[in-house]
Number of protein chains: 2
Amino acid sequence: MQKDQSLTKFFEHIRIHCLPNLSIDVVIFGFHDDRLKILLQRFFNSDHFVLLGGYIEKEENLHDSAVRILKERTGLDQIYLEQYYTFGDTDRLKTDLLQKVSRKSGADLPDEFLHSSRTISICYYSLVDYTKVKPMAGPFSMESIWFDIENLPPLLFDHEAMIQKAMQTLQSDLDRKLNGFNLMGETFTMADLQKLYEAVLQKKLVRTNFQRKMLSLGILERLEKQYTGKAHKAPYLYRFRVAR
Amino acid sequence: MQKDQSLTKFFEHIRIHCLPNLSIDVVIFGFHDDRLKILLQRFFNSDHFVLLGGYIEKEENLHDSAVRILKERTGLDQIYLEQYYTFGDTDRLKTDLLQKVSRKSGADLPDEFLHSSRTISICYYSLVDYTKVKPMAGPFSMESIWFDIENLPPLLFDHEAMIQKAMQTLQSDLDRKLNGFNLMGETFTMADLQKLYEAVLQKKLVRTNFQRKMLSLGILERLEKQYTGKAHKAPYLYRFRVAR
């Protein structure tokens, strides 16, 4: 069987221009219809999925590399992107499963990838406006799909552990980094904000407690109510204070 | 001039057994006499210091590698060790300064180290019992010294940025991870605990507020006062609740 020329060229490019034994993976969170979602790409035409990722060029700063990979795969730049953990177990690629899935899906991967030597992967997470993402094809996939965080498909490698750790990080960072996430639009109601928290924390919150806690963080600015003619019960709108 | 044989052998070992372009650095915090300290090693006989670190063996899990390096350099194992960030700027080794300091101190380093190719360093921090550490010589240093966090010596590479980031992480993790840090002995007073917080946060805290906050975390168990004959004003002792 003829080797896939574009894949062969891709791996040749990586070998020449990128650092060996290293990769970057990005957990891309989106918030839409009150639900937290993750962007995954199908691994060839298998029923397994992987995070979006790539390799670090030899002359490229680590963070710049993550920014480039995110842009190449989603069209987005200038968005919140945070490194959260580096994964480096020797068996993290789970090559038995990789080989099985590759064979089954007819993926024509080079041997050095299938019996992959050691790769340590530096992980980032990103929160993006779901509606602005243009998922693009990667070297291993023509298809990217948003999945509900509560209903993920089978994943390759250690990508399930990567997602779990990203969720934990997001949950514990939410108060401190809410402002930077840019998930809420210019103005929003307290109820909108509560829905975001509930989606991220994966539990229901009590409205009065939530409101008290949010106001105590000192990051919200309440806007004056505008007379609209009908909305005597319209909720207050908030926006984030500008950081000084 | 004859090359230093032990250094030559060390770099040969690294080349054969370790992953290229990667290293591990560990920020070792100690708490003693109400002060937060960091263990650093002198770079040869220069007046510059570096964090304790090492390299990742090809068949070694990333975390195991950090544990091994910490043990080799301090004699400690089974202690709290947490990965917090991976540093990968292309100019992070600041080779101009490295070359100047090496020349001045007569260090006989191989060229490939001095003009070092790209190295990405995965950083851990650790909190240790200051009194139990036995600092050991490393390949670049015969001398490790505890420095006050507020009074650090000149550092090589990007190790100052690594320490800053470790401090930020420690400060924001303190409530959640206090129990695991094992810095407080079996039992302690609220005043002992406040001193730890003040050393880490680098500011004075109000006693009543601090006590209220600590108790609200739900991680402390107050012990019954024992009649000692004299201590009608003896403070309560606390210990950490056992995690279930």
# chains A, B, ... in the order shown; residues from 1 in each chain; ligands from 1
$ closest_atom_pairs --of "chain B" --to "chain A" --cutoff "7 Å" --atoms "only C-alpha atoms" --output "JSON lines"
{"residue": "B:Glu59", "atom": "CA", "partner": "A:Thr90", "partner_atom": "CA", "distance": 6.4}
{"residue": "B:Glu60", "atom": "CA", "partner": "A:Thr90", "partner_atom": "CA", "distance": 6.4}
{"residue": "B:Asn61", "atom": "CA", "partner": "A:Asp89", "partner_atom": "CA", "distance": 4.4}
{"residue": "B:Leu62", "atom": "CA", "partner": "A:Gly88", "partner_atom": "CA", "distance": 4.8}
{"residue": "B:Tyr85", "atom": "CA", "partner": "A:Tyr85", "partner_atom": "CA", "distance": 6.7}
{"residue": "B:Gly88", "atom": "CA", "partner": "A:Leu62", "partner_atom": "CA", "distance": 4.8}
{"residue": "B:Asp89", "atom": "CA", "partner": "A:Asn61", "partner_atom": "CA", "distance": 4.4}
{"residue": "B:Thr90", "atom": "CA", "partner": "A:Asn61", "partner_atom": "CA", "distance": 5.2}
$ select_by_dssp --residues "segment 9-207 of chain A" --states "strand (DSSP E)" --output "PyMOL selection string"
chain A and resi 22-32+35-42+49-50+52-54+81-87+120-128+144-148
$ residues_around --residues "Gln41 of chain B" --least-positions-apart "5" --cutoff "7 Å" --atoms "only C-alpha atoms" --output "number ranges by chain"
B: 49-52, 141, 143-145
$ write_last_selection --atoms "N, CA and C atoms" --output "short mmCIF file (atom, residue, chain, number, x, y, z; two decimals), in the first residue's frame"
data_model
loop_
_atom_site.label_atom_id
_atom_site.label_comp_id
_atom_site.auth_asym_id
_atom_site.auth_seq_id
_atom_site.Cartn_x
_atom_site.Cartn_y
_atom_site.Cartn_z
N PHE B 49 23.71 31.66 41.91
CA PHE B 49 23.08 30.43 42.41
C PHE B 49 22.04 29.92 41.41
N VAL B 50 21.69 28.64 41.57
CA VAL B 50 20.65 28.03 40.73
C VAL B 50 19.75 27.15 41.60
N LEU B 51 18.57 26.87 41.07
CA LEU B 51 17.69 25.89 41.71
C LEU B 51 18.29 24.49 41.59
N LEU B 52 17.85 23.59 42.43
CA LEU B 52 18.27 22.21 42.30
C LEU B 52 17.47 21.57 41.16
N SER B 141 27.93 21.84 41.55
CA SER B 141 28.02 22.56 42.81
C SER B 141 28.39 21.64 43.96
N GLU B 143 27.97 23.03 47.04
CA GLU B 143 27.42 23.77 48.17
C GLU B 143 25.96 24.17 47.94
N SER B 144 25.09 23.75 48.85
CA SER B 144 23.70 24.22 48.84
C SER B 144 23.45 25.07 50.07
N ILE B 145 22.69 26.14 49.91
CA ILE B 145 22.47 27.10 51.00
C ILE B 145 20.99 27.48 51.04
#
$ closest_residue --among "A:Glu160, A:Asp175, A:Glu150, A:Asp25" --to "Arg68 of chain A" --atoms "only C-alpha atoms"
A:Asp25
$ residues_around --residues "Val206 of chain A" --least-positions-apart "5" --cutoff "12 Å" --atoms "only C-alpha atoms" --output "number ranges by chain"
A: 191, 194-195, 197-198, 211-213
$ closest_residue --among "B:Val128, B:Ile24, B:Ile79, B:Ala137" --to "Phe44 of chain B" --atoms "only C-alpha atoms"
B:Ala137
$ residues_around --residues "Leu193 of chain A" --least-positions-apart "6" --cutoff "12 Å" --atoms "only C-alpha atoms" --output "PyMOL selection string"
chain A and resi 31+34+174-175+178-179+182-185+187+199-200+205+207+210-211+213-215+220+237-240
$ atom_distance --atom1 "atom CA of Ile38 of chain A" --atom2 "atom CA of Cys18 of chain A"
26.8 Å
$ closest_residue --among "B:Ile14, B:Leu97, B:Met162, B:Leu76" --to "Val26 of chain B" --atoms "only C-alpha atoms"
B:Met162
$ select_by_dssp --residues "chain A" --states "helix (DSSP H, G or I)" --output "ChimeraX atom specification"
/A:5-17,62-74,95-105,111-114,130-132,159-181,190-201,207-216
$ atom_distance --atom1 "atom CA of Tyr236 of chain B" --atom2 "atom CA of Glu186 of chain B"
13.6 Å
